[in-house]
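The next block holds one structure in the form of structure tokens; read it before the comments.
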Amino acid sequence: MALTACGPEDDAGPAATQKGTFAEPLALKTSADVSETHFPDQSKTRLSVTPVSVVTGDKAAVEKLGVGLLEGKTPYDVTTTSAHGGGAPDSGSFNFKLLLHGTDQQRAYFFAPAWGAAFEPCQEVSESELPLAAGKSVTTCEIYLVPDNVQPAVVGFQGDRDNRSPSDETGTAAEVVWKVG
């Protein structure tokens, strides 16, 4: 008697809940393999993204960017390592895909460009360090300005977020998230 079966050979039962979601965020310092879309040509890059830390920044240092910029806001320094895993080179657009979500659950906060100002210990990398090609990695630190009444909750990466028209809203792009703290 011959036995036959339909369906996959390796049926492991119901799928487990995917980690790296808002329901089950990854821990900081955990790498996640992500795909990033470059606009407008739609080329793709595979990255390994690892948020390393989220710490309260130095308000006095950030005030160099402009009077009133920090009014009602607290700076948070977010350090992340990104490694190129294949596909198109990345000229630094991966920074524009990283978001800091607060306890308000309504918004995703975007980093404040330093425009070359020094913010030790949170220093942006130079333009020459930003391009990622196969096998290269870079650790960056970006400053996010969050309302004083909101605490950082998760760091997110939206690989399909179009950095030509960034938005503070989370939008519909898929996102990998890591829990802060």
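Identifiers in this document derive from the order of the structure tokens: chains are assigned A, B, ..., residues are numbered from 1 separately in each chain, and ligands are numbered from 1 in order of occurrence.
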> If you run DSSP on the backbone, which residues of region 15-60 of chain A are strand (DSSP E or B), as a VMD selection string?
Replying inline: chain A and resid 26 to 27 32 to 37 44 to 56
Include N, CA and C atoms and write out the residues we just selected as a PDB file, in the first residue's frame.
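selection24.pdb written:
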ATOM      1  N   LEU A  26      11.401  43.217  18.795  1.00  0.00           N
ATOM      2  CA  LEU A  26      12.709  42.646  19.106  1.00  0.00           C
ATOM      3  C   LEU A  26      13.353  43.451  20.233  1.00  0.00           C
ATOM      4  N   ALA A  27      14.357  42.895  20.887  1.00  0.00           N
ATOM      5  CA  ALA A  27      15.122  43.625  21.893  1.00  0.00           C
ATOM      6  C   ALA A  27      16.178  44.470  21.188  1.00  0.00           C
ATOM      7  N   ALA A  32      18.245  42.518  12.657  1.00  0.00           N
ATOM      8  CA  ALA A  32      17.129  42.074  11.819  1.00  0.00           C
ATOM      9  C   ALA A  32      17.512  42.299  10.367  1.00  0.00           C
ATOM     10  N   ASP A  33      17.275  41.302   9.546  1.00  0.00           N
ATOM     11  CA  ASP A  33      17.513  41.433   8.112  1.00  0.00           C
ATOM     12  C   ASP A  33      16.301  42.105   7.496  1.00  0.00           C
ATOM     13  N   VAL A  34      16.553  43.205   6.788  1.00  0.00           N
ATOM     14  CA  VAL A  34      15.474  43.989   6.193  1.00  0.00           C
ATOM     15  C   VAL A  34      15.787  44.255   4.731  1.00  0.00           C
ATOM     16  N   SER A  35      14.765  44.610   4.000  1.00  0.00           N
ATOM     17  CA  SER A  35      14.912  45.001   2.608  1.00  0.00           C
ATOM     18  C   SER A  35      14.571  46.480   2.520  1.00  0.00           C
ATOM     19  N   GLU A  36      15.338  47.187   1.729  1.00  0.00           N
ATOM     20  CA  GLU A  36      15.106  48.618   1.562  1.00  0.00           C
ATOM     21  C   GLU A  36      14.905  48.923   0.088  1.00  0.00           C
ATOM     22  N   THR A  37      13.880  49.724  -0.217  1.00  0.00           N
ATOM     23  CA  THR A  37      13.611  50.150  -1.585  1.00  0.00           C
ATOM     24  C   THR A  37      14.148  51.555  -1.780  1.00  0.00           C
ATOM     25  N   LYS A  44      16.676  47.620  -4.887  1.00  0.00           N
ATOM     26  CA  LYS A  44      16.576  47.065  -3.528  1.00  0.00           C
ATOM     27  C   LYS A  44      17.957  46.837  -2.926  1.00  0.00           C
ATOM     28  N   THR A  45      18.030  46.988  -1.607  1.00  0.00           N
ATOM     29  CA  THR A  45      19.233  46.678  -0.836  1.00  0.00           C
ATOM     30  C   THR A  45      18.802  45.803   0.335  1.00  0.00           C
ATOM     31  N   ARG A  46      19.595  44.771   0.624  1.00  0.00           N
ATOM     32  CA  ARG A  46      19.371  43.970   1.820  1.00  0.00           C
ATOM     33  C   ARG A  46      20.314  44.492   2.902  1.00  0.00           C
ATOM     34  N   LEU A  47      19.761  44.757   4.076  1.00  0.00           N
ATOM     35  CA  LEU A  47      20.541  45.280   5.188  1.00  0.00           C
ATOM     36  C   LEU A  47      20.321  44.427   6.425  1.00  0.00           C
ATOM     37  N   SER A  48      21.296  44.436   7.294  1.00  0.00           N
ATOM     38  CA  SER A  48      21.138  43.922   8.648  1.00  0.00           C
ATOM     39  C   SER A  48      21.169  45.157   9.533  1.00  0.00           C
ATOM     40  N   VAL A  49      20.061  45.423  10.230  1.00  0.00           N
ATOM     41  CA  VAL A  49      19.931  46.632  11.044  1.00  0.00           C
ATOM     42  C   VAL A  49      19.910  46.234  12.519  1.00  0.00           C
ATOM     43  N   THR A  50      20.720  46.930  13.321  1.00  0.00           N
ATOM     44  CA  THR A  50      20.799  46.653  14.758  1.00  0.00           C
ATOM     45  C   THR A  50      20.755  47.959  15.541  1.00  0.00           C
ATOM     46  N   PRO A  51      19.596  48.331  16.098  1.00  0.00           N
ATOM     47  CA  PRO A  51      19.582  49.480  17.006  1.00  0.00           C
ATOM     48  C   PRO A  51      20.362  49.117  18.272  1.00  0.00           C
ATOM     49  N   VAL A  52      21.343  49.928  18.611  1.00  0.00           N
ATOM     50  CA  VAL A  52      22.240  49.627  19.723  1.00  0.00           C
ATOM     51  C   VAL A  52      21.767  50.276  21.019  1.00  0.00           C
ATOM     52  N   SER A  53      21.351  51.546  20.939  1.00  0.00           N
ATOM     53  CA  SER A  53      20.925  52.234  22.159  1.00  0.00           C
ATOM     54  C   SER A  53      20.011  53.404  21.841  1.00  0.00           C
ATOM     55  N   VAL A  54      19.194  53.764  22.837  1.00  0.00           N
ATOM     56  CA  VAL A  54      18.353  54.960  22.805  1.00  0.00           C
ATOM     57  C   VAL A  54      18.548  55.622  24.169  1.00  0.00           C
ATOM     58  N   VAL A  55      19.187  56.807  24.175  1.00  0.00           N
ATOM     59  CA  VAL A  55      19.466  57.508  25.431  1.00  0.00           C
ATOM     60  C   VAL A  55      19.054  58.972  25.310  1.00  0.00           C
ATOM     61  N   THR A  56      18.725  59.575  26.456  1.00  0.00           N
ATOM     62  CA  THR A  56      18.375  60.985  26.478  1.00  0.00           C
ATOM     63  C   THR A  56      19.585  61.805  26.050  1.00  0.00           C
TER      64      THR A  56
END
> Among region 11-116 of chain A, which residues carry a DSSP assignment of alpha helix (DSSP H), reported as a ChimeraX atom specification?
Replying inline: /A:59-62
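The closest residue to Val138 (chain A), picked from A:Val150, A:Ala23, A:Val62, A:Val125 and counting only C-alpha atoms, is A:Val125.
Between CA of Gly57 (chain A) and CA of Gly20 (chain A) the separation is 25.4 Å.
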>> Report, in Å to a single decimal, how far apart CA of Pro131 (chain A) and CA of Pro75 (chain A) are.
In response: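 Between these atoms lies a distance of 25.9 Å.
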> Between A:Pro113, A:Asp41, A:Leu98, A:Leu28, which is the closest to Gly66 (chain A) once you count only C-alpha atoms?
Replying inline: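 That would be A:Pro113, the residue with the smallest distance to Gly66 (chain A).
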>> Which residues are near Ser137 (chain A)? Cut-off 7 Å, only C-alpha atoms, ignore same chain within fewer than 4 positions. Put them as a ChimeraX atom specification.
In response: /A:81-84,132
>> as a list of chain:residue names, please: the residues near Gly102 (chain A) (cut-off 10 Å, only C-alpha atoms, same-chain neighbours under 5 positions excluded).
In response: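 Those residues are A:Arg107, A:Ala108, A:Tyr109, A:Val146, A:Pro147, A:Asn149, A:Val150, A:Gln151, A:Pro152, A:Ala153, A:Val154, A:Val155, A:Val180.
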> Residues at most 8 Å from Phe157 (chain A), counting only C-alpha atoms, excluding those fewer than 6 positions away in the same chain, as a count of residues only?
Replying inline: 6
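If you measure from each of A:Asp77, A:Glu127, A:Asp104, A:Glu63 to Gly92 (chain A) using only C-alpha atoms, the closest one turns out to be A:Glu127.
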>> Just checking: using only C-alpha atoms, which residue out of A:Pro121, A:Gly156, A:Gly135, A:Gly181 ends up closest to Asp58 (chain A)?
In response: A:Pro121
>> Could you check the closest approach to Ala134 (chain A) for each of A:Thr103, A:Thr79, A:Asp90, A:Gly159 and tell me which residue wins, using only C-alpha atoms?
In response: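 Under the stated criterion, the closest residue is A:Asp90.
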>> Please compute the CA of Thr140 (chain A)-CA of Asn95 (chain A) distance, one decimal, in Å.
In response: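 Separation between CA of Thr140 (chain A) and CA of Asn95 (chain A): 8.3 Å.
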